[in-house]
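With TSV, C-alpha atoms inside, this is data_20.tsv:
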chain	number	residue	atom	x	y	z
A	1	TRP	CA	66.47	132.98	182.74
A	2	THR	CA	67.74	129.41	182.34
A	3	ARG	CA	68.34	127.47	179.15
A	4	ALA	CA	66.37	124.56	180.54
A	5	GLN	CA	63.23	126.67	180.97
A	6	ARG	CA	63.24	127.65	177.30
A	7	ARG	CA	63.42	124.01	176.24
A	8	LEU	CA	60.56	123.16	178.59
A	9	GLY	CA	58.38	125.55	176.68
A	10	LEU	CA	58.38	128.89	178.49
A	11	VAL	CA	58.19	132.17	176.62
A	12	SER	CA	61.10	134.48	175.89
A	13	PRO	CA	62.54	136.83	178.55
A	14	ALA	CA	60.85	139.81	176.86
A	15	ALA	CA	57.53	138.06	176.91
A	16	THR	CA	57.94	137.23	180.57
A	17	GLN	CA	58.02	140.92	181.51
A	18	LEU	CA	54.43	141.27	180.31
A	19	LEU	CA	53.20	137.83	181.31
A	20	LEU	CA	54.89	137.72	184.72
A	21	PRO	CA	51.66	137.56	186.77
A	22	LEU	CA	50.70	134.48	184.77
A	23	LEU	CA	54.09	132.82	184.71
A	24	LEU	CA	55.23	132.76	188.33
A	25	GLY	CA	56.01	129.52	190.11
A	26	ALA	CA	58.02	127.24	187.83
A	27	ARG	CA	57.22	123.55	188.03
A	28	GLN	CA	59.70	120.78	187.44
A	29	PRO	CA	59.04	118.12	184.80
A	30	HIS	CA	56.90	115.30	186.14
A	31	GLN	CA	58.23	111.83	185.43
A	32	LEU	CA	55.66	109.87	183.46
A	33	ALA	CA	55.70	106.24	182.38
A	34	MET	CA	56.38	105.86	178.66
A	35	PRO	CA	55.68	102.65	176.75
A	36	SER	CA	59.00	101.32	175.48
A	37	GLU	CA	57.56	100.22	172.11
A	38	ARG	CA	56.27	103.69	171.24
A	39	GLU	CA	58.41	105.78	168.90
A	40	ALA	CA	59.83	108.86	170.63
A	41	TRP	CA	61.23	112.09	169.22
A	42	VAL	CA	63.27	114.92	170.70
A	43	GLY	CA	60.82	117.45	172.10
A	44	LEU	CA	60.54	120.65	170.08
A	45	GLU	CA	61.56	123.88	171.77
A	46	SER	CA	58.84	126.51	172.24
A	47	ASN	CA	60.66	128.92	169.98
A	48	PRO	CA	59.07	130.82	167.07
A	49	THR	CA	62.31	130.86	165.06
A	50	VAL	CA	62.64	127.09	165.28
A	51	MET	CA	58.97	126.62	164.45
A	52	THR	CA	59.19	128.95	161.45
A	53	LYS	CA	62.15	127.03	160.02
A	54	TYR	CA	60.29	123.78	160.66
A	55	ALA	CA	57.22	125.08	158.83
A	56	ARG	CA	59.36	126.28	155.91
A	57	SER	CA	60.86	122.80	155.63
A	58	LEU	CA	57.34	121.42	155.36
A	59	GLY	CA	56.65	123.84	152.52
A	60	VAL	CA	55.05	126.90	154.12
A	61	ALA	CA	55.56	129.89	151.87
A	62	ASP	CA	58.09	132.63	152.56
A	63	GLY	CA	56.50	135.58	154.32
A	64	TRP	CA	54.64	133.42	156.87
A	65	GLY	CA	56.06	132.54	160.26
A	66	PHE	CA	55.54	132.14	163.99
A	67	CYS	CA	56.07	134.79	166.65
A	68	ASP	CA	55.82	134.98	170.44
A	69	LEU	CA	52.82	136.66	172.00
A	70	TRP	CA	54.31	138.89	174.69
A	71	GLY	CA	51.18	139.24	176.79
A	72	LEU	CA	47.41	138.98	176.82
A	73	ASP	CA	46.56	142.68	177.01
A	74	ASP	CA	45.42	144.81	174.08
A	75	GLU	CA	48.86	146.33	173.50
A	76	ALA	CA	50.47	142.89	173.17
A	77	LEU	CA	47.75	141.65	170.82
A	78	GLU	CA	48.12	144.73	168.61
A	79	ALA	CA	51.82	143.94	168.18
A	80	VAL	CA	51.08	140.57	166.54
A	81	PRO	CA	51.35	140.58	162.72
A	82	GLN	CA	47.92	140.14	161.17
A	83	PRO	CA	46.13	138.15	160.01
A	84	CYS	CA	46.77	135.58	162.71
A	85	VAL	CA	45.72	132.29	161.07
A	86	ALA	CA	46.62	129.90	163.91
A	87	ALA	CA	48.02	129.84	167.43
A	88	ILE	CA	49.99	127.24	169.36
A	89	PHE	CA	49.45	127.10	173.12
A	90	LEU	CA	51.69	125.28	175.59
A	91	TYR	CA	50.60	124.28	179.08
A	92	PRO	CA	51.70	122.08	182.03
A	93	PHE	CA	50.31	118.70	181.02
A	94	SER	CA	49.76	116.74	184.24
A	95	GLN	CA	48.21	119.61	186.15
A	96	VAL	CA	45.77	120.61	183.43
A	97	GLU	CA	44.86	117.08	182.36
A	98	ALA	CA	43.97	116.16	185.94
A	99	ARG	CA	41.45	119.01	185.98
A	100	LYS	CA	40.08	118.00	182.59
A	101	ARG	CA	39.47	114.46	183.84
A	102	ALA	CA	37.72	115.80	186.93
A	103	LEU	CA	35.44	117.96	184.78
A	104	GLY	CA	34.67	115.14	182.35
A	105	THR	CA	35.74	114.42	178.81
A	106	GLN	CA	34.69	116.95	176.19
A	107	GLN	CA	33.44	115.19	173.07
A	108	PRO	CA	35.14	116.01	169.76
A	109	ALA	CA	33.05	117.84	167.20
A	110	SER	CA	31.82	116.22	164.02
A	111	ALA	CA	33.66	118.57	161.67
A	112	PRO	CA	35.12	116.79	158.64
A	113	GLU	CA	36.16	120.17	157.22
A	114	VAL	CA	38.75	120.43	160.04
A	115	TRP	CA	42.03	118.58	159.46
A	116	HIS	CA	42.91	116.67	162.64
A	117	MET	CA	45.38	113.91	163.51
A	118	ARG	CA	46.19	111.84	166.57
A	119	GLN	CA	49.62	111.93	168.19
A	120	ASP	CA	51.20	108.47	168.25
A	121	VAL	CA	54.83	109.56	168.71
A	122	SER	CA	56.02	110.54	172.19
A	123	ASN	CA	57.22	114.16	172.54
A	124	ALA	CA	55.89	115.03	169.07
A	125	CYS	CA	53.13	117.37	170.28
A	126	GLY	CA	54.99	120.42	168.95
A	127	SER	CA	55.23	118.89	165.50
A	128	VAL	CA	51.58	117.83	165.60
A	129	ALA	CA	50.57	121.37	166.58
A	130	ILE	CA	52.52	122.79	163.65
A	131	MET	CA	50.87	120.30	161.28
A	132	HIS	CA	47.43	121.20	162.62
A	133	SER	CA	48.18	124.90	162.14
A	134	VAL	CA	49.52	124.45	158.62
A	135	MET	CA	47.14	121.85	157.20
A	136	ASN	CA	44.08	123.90	158.17
A	137	ASN	CA	45.51	126.94	156.37
A	138	LEU	CA	47.20	125.19	153.48
A	139	ASP	CA	45.47	127.05	150.66
A	140	ARG	CA	46.57	130.30	152.25
A	141	ILE	CA	50.12	129.66	153.43
A	142	GLY	CA	51.38	126.56	151.65
A	143	GLU	CA	49.83	126.46	148.21
A	144	GLY	CA	52.19	124.93	145.69
A	145	SER	CA	54.17	122.92	148.25
A	146	SER	CA	54.73	119.49	146.74
A	147	PHE	CA	55.14	117.84	150.15
A	148	LEU	CA	52.12	119.45	151.81
A	149	ASP	CA	49.89	119.04	148.76
A	150	SER	CA	50.89	115.38	148.54
A	151	PHE	CA	50.32	114.80	152.25
A	152	ARG	CA	46.90	116.44	152.09
A	153	GLU	CA	45.98	114.22	149.16
A	154	LYS	CA	47.20	111.07	150.92
A	155	THR	CA	45.30	111.90	154.11
A	156	ALA	CA	42.10	113.19	152.53
A	157	GLY	CA	39.21	111.25	154.01
A	158	ALA	CA	41.49	109.44	156.46
A	159	SER	CA	40.69	109.16	160.15
A	160	SER	CA	42.74	110.96	162.81
A	161	ALA	CA	44.43	107.66	163.67
A	162	GLU	CA	45.23	106.89	160.03
A	163	ARG	CA	46.77	110.32	159.61
A	164	ALA	CA	48.92	109.67	162.67
A	165	ALA	CA	50.25	106.48	161.09
A	166	LEU	CA	51.23	108.38	157.94
A	167	PHE	CA	52.69	111.34	159.84
A	168	ALA	CA	55.80	109.82	161.43
A	169	PRO	CA	57.45	108.34	158.31
A	170	ALA	CA	56.60	111.45	156.30
A	171	VAL	CA	57.91	114.04	158.77
A	172	ARG	CA	60.56	112.18	160.79
A	173	ASP	CA	63.57	113.51	158.86
A	174	ILE	CA	62.24	117.07	158.89
A	175	HIS	CA	61.69	116.85	162.63
A	176	ASP	CA	65.16	115.46	163.27
A	177	SER	CA	66.74	118.34	161.36
A	178	HIS	CA	65.12	120.97	163.61
A	179	ALA	CA	64.39	119.40	167.01
A	180	SER	CA	67.92	119.83	168.35
A	181	SER	CA	68.12	123.50	167.36
A	182	GLY	CA	67.15	126.44	169.54
A	183	GLN	CA	68.48	128.20	172.64
A	184	THR	CA	68.68	125.16	174.90
A	185	ASP	CA	70.25	121.74	175.03
A	186	ALA	CA	67.98	119.17	173.43
A	187	PRO	CA	66.62	116.50	175.78
A	188	ALA	CA	66.78	112.79	175.05
A	189	PRO	CA	63.91	111.47	172.92
A	190	THR	CA	62.76	109.40	175.91
A	191	ALA	CA	62.68	112.40	178.27
A	192	ASP	CA	59.32	112.80	180.00
A	193	LEU	CA	58.54	116.47	179.39
A	194	ASP	CA	55.49	117.56	181.31
A	195	PHE	CA	54.39	120.28	178.89
A	196	HIS	CA	52.02	119.91	175.97
A	197	PHE	CA	51.29	121.85	172.76
A	198	VAL	CA	47.84	122.29	171.23
A	199	ALA	CA	46.82	124.35	168.22
A	200	TYR	CA	43.91	126.71	167.57
A	201	VAL	CA	42.55	127.42	164.10
A	202	GLU	CA	39.50	129.07	162.60
A	203	VAL	CA	37.45	127.04	160.12
A	204	ARG	CA	34.21	128.42	158.66
A	205	GLY	CA	33.93	131.06	161.36
A	206	ARG	CA	34.43	128.73	164.34
A	207	MET	CA	37.48	128.20	166.53
A	208	TYR	CA	38.74	124.68	167.10
A	209	GLU	CA	41.24	123.33	169.61
A	210	LEU	CA	43.35	120.65	167.95
A	211	ASP	CA	45.07	118.26	170.34
A	212	GLY	CA	46.78	115.07	169.20
A	213	ASN	CA	45.62	113.38	172.39
A	214	ASN	CA	41.99	113.75	171.31
A	215	ASP	CA	40.10	111.76	168.70
A	216	GLY	CA	38.96	114.88	166.90
A	217	PRO	CA	38.72	118.69	167.03
A	218	ILE	CA	37.09	120.48	169.98
A	219	ASP	CA	34.66	123.20	168.93
A	220	CYS	CA	35.40	126.27	171.08
A	221	GLY	CA	32.68	128.46	169.61
A	222	GLU	CA	32.19	131.18	167.07
A	223	VAL	CA	35.00	133.60	166.25
A	224	ALA	CA	33.62	137.07	166.93
A	225	ASP	CA	34.55	140.39	165.33
A	226	GLY	CA	37.78	140.51	167.36
A	227	GLY	CA	39.25	137.75	165.22
A	228	LEU	CA	40.97	134.46	165.96
A	229	LEU	CA	43.73	135.80	168.20
A	230	ARG	CA	41.29	137.54	170.52
A	231	ALA	CA	39.13	134.41	170.64
A	232	VAL	CA	42.16	132.24	171.49
A	233	CYS	CA	43.29	134.57	174.28
A	234	ASP	CA	39.81	134.74	175.80
A	235	HIS	CA	39.54	130.95	175.70
A	236	VAL	CA	42.93	130.08	177.19
A	237	LYS	CA	42.54	132.68	179.95
A	238	ALA	CA	39.24	131.16	181.04
A	239	ALA	CA	39.95	127.46	180.41
A	240	TYR	CA	43.64	127.17	181.31
A	241	ILE	CA	45.18	130.18	183.00
A	242	ALA	CA	42.44	131.18	185.47
A	243	PRO	CA	42.41	127.77	187.23
A	244	PHE	CA	46.23	127.71	187.44
A	245	PRO	CA	47.47	131.33	187.68
A	246	ASP	CA	50.84	130.29	189.12
A	247	SER	CA	51.74	127.85	186.33
A	248	HIS	CA	53.66	128.36	183.11
A	249	PHE	CA	52.06	128.89	179.70
A	250	SER	CA	53.16	130.24	176.33
A	251	LEU	CA	51.34	131.28	173.18
A	252	ILE	CA	52.90	131.47	169.72
A	253	THR	CA	51.01	132.82	166.71
A	254	LEU	CA	51.20	132.00	163.00
A	255	GLY	CA	50.83	134.86	160.57
A	256	PRO	CA	52.81	137.19	158.31
A	257	GLU	CA	56.47	137.04	159.25
A	258	ARG	CA	57.48	139.82	161.60
A	259	ARG	CA	59.96	142.20	159.98
A	260	GLU	CA	62.95	143.55	161.89
A	261	ASP	CA	61.50	147.07	161.84
A	262	ASP	CA	58.37	145.69	163.54
A	263	GLU	CA	60.32	144.52	166.59
Take the structure I supplied and represent it as structure tokens, if you would.
Amino acid sequence: WTRAQRRLGLVSPAATQLLLPLLLGARQPHQLAMPSEREAWVGLESNPTVMTKYARSLGVADGWGFCDLWGLDDEALEAVPQPCVAAIFLYPFSQVEARKRALGTQQPASAPEVWHMRQDVSNACGSVAIMHSVMNNLDRIGEGSSFLDSFREKTAGASSAERAALFAPAVRDIHDSHASSGQTDAPAPTADLDFHFVAYVEVRGRMYELDGNNDGPIDCGEVADGGLLRAVCDHVKAAYIAPFPDSHFSLITLGPERREDDE
């Protein structure tokens, strides 16, 4: 297992043992053109420890954190601390986006109750996914956080683009303090990393995919009795993994922090 693969967003070695049929056939980063005038950040490692520390710096309460999903079978899902209030999914960007374009653009839902922002900073998709996960669960996991409460107040009623403009100056220092941490060497801010994070949350009984590249949330349907995590797994298997079974994906959940005796 190479250090570079972890930085590119693959799951942990333990997770790979259960997800191996889905994670064969590593792809190299695809070099993409990047506008020189666009702000760029160091890409965040797909690492639940890094993401938990990041969320705590934003103001998420102790006792909540991210953890790797080790597989998509029932046993793996049962090992995830509950309740799962959000999930962050990482996929190979160029390959998946080409298929999305071929299928046609899916229109964002009109759902003002869902907090969504655009991504205007290159390589900030991990940070945007964390913000989507946290802001849509703020009353549950971040109540009393002066920063998060203030940011919610400032962005209340704002458009996705307006929230993006407020995001970078508000979060830049927090991002810089965590982006270089993890198990791998941090890439340059201008590196063209061909992997992308999106978040999934449940709002009023429906699951939404929150992608900073979209103008709004994508309604993925009703969350059934199996809960959010089951709905996310069913969705990503059908929409992302089935068309590209030899590509790399990872899924990280947000919920009660996993205790050492739960490992």
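Considering all atoms listed in the file, the residue among A:Pro108, A:Pro256, A:Gly65, A:Pro243 positioned nearest to A:Cys220 is A:Pro108.
Relative to atom CA of A:Glu153, atom CA of A:Phe167 is found at 12.9 Å.
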For A:Arg152: contacts at 10 Å, all atoms listed in the file, fewer than 5 positions along chain excluded, given as a compact mmCIF listing (two decimals) with C-alpha atoms, keeping the file's coordinate frame:
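So the final result, stored in result-v3.txt, reads:
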# COMPACT_ATOMS: atom_id res chain seq x y z
CA TRP A 115 42.03 118.58 159.46
CA MET A 135 47.14 121.85 157.20
CA LEU A 138 47.20 125.19 153.48
CA SER A 146 54.73 119.49 146.74
CA PHE A 147 55.14 117.84 150.15
CA GLY A 157 39.21 111.25 154.01
CA ALA A 158 41.49 109.44 156.46
CA ARG A 163 46.77 110.32 159.61
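Remark: for A:Thr253, the closest of the candidate residues A:Ser127, A:Ser110, A:Ser133, A:Gln95 is A:Ser133 (distances computed over all atoms listed in the file).
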Separation of atom CA of A:Ala124 from atom CA of A:Ala231 in Å: 25.7 Å
Separation of atom CA of A:Leu254 and atom CA of A:Ile130, in Å? 9.3 Å
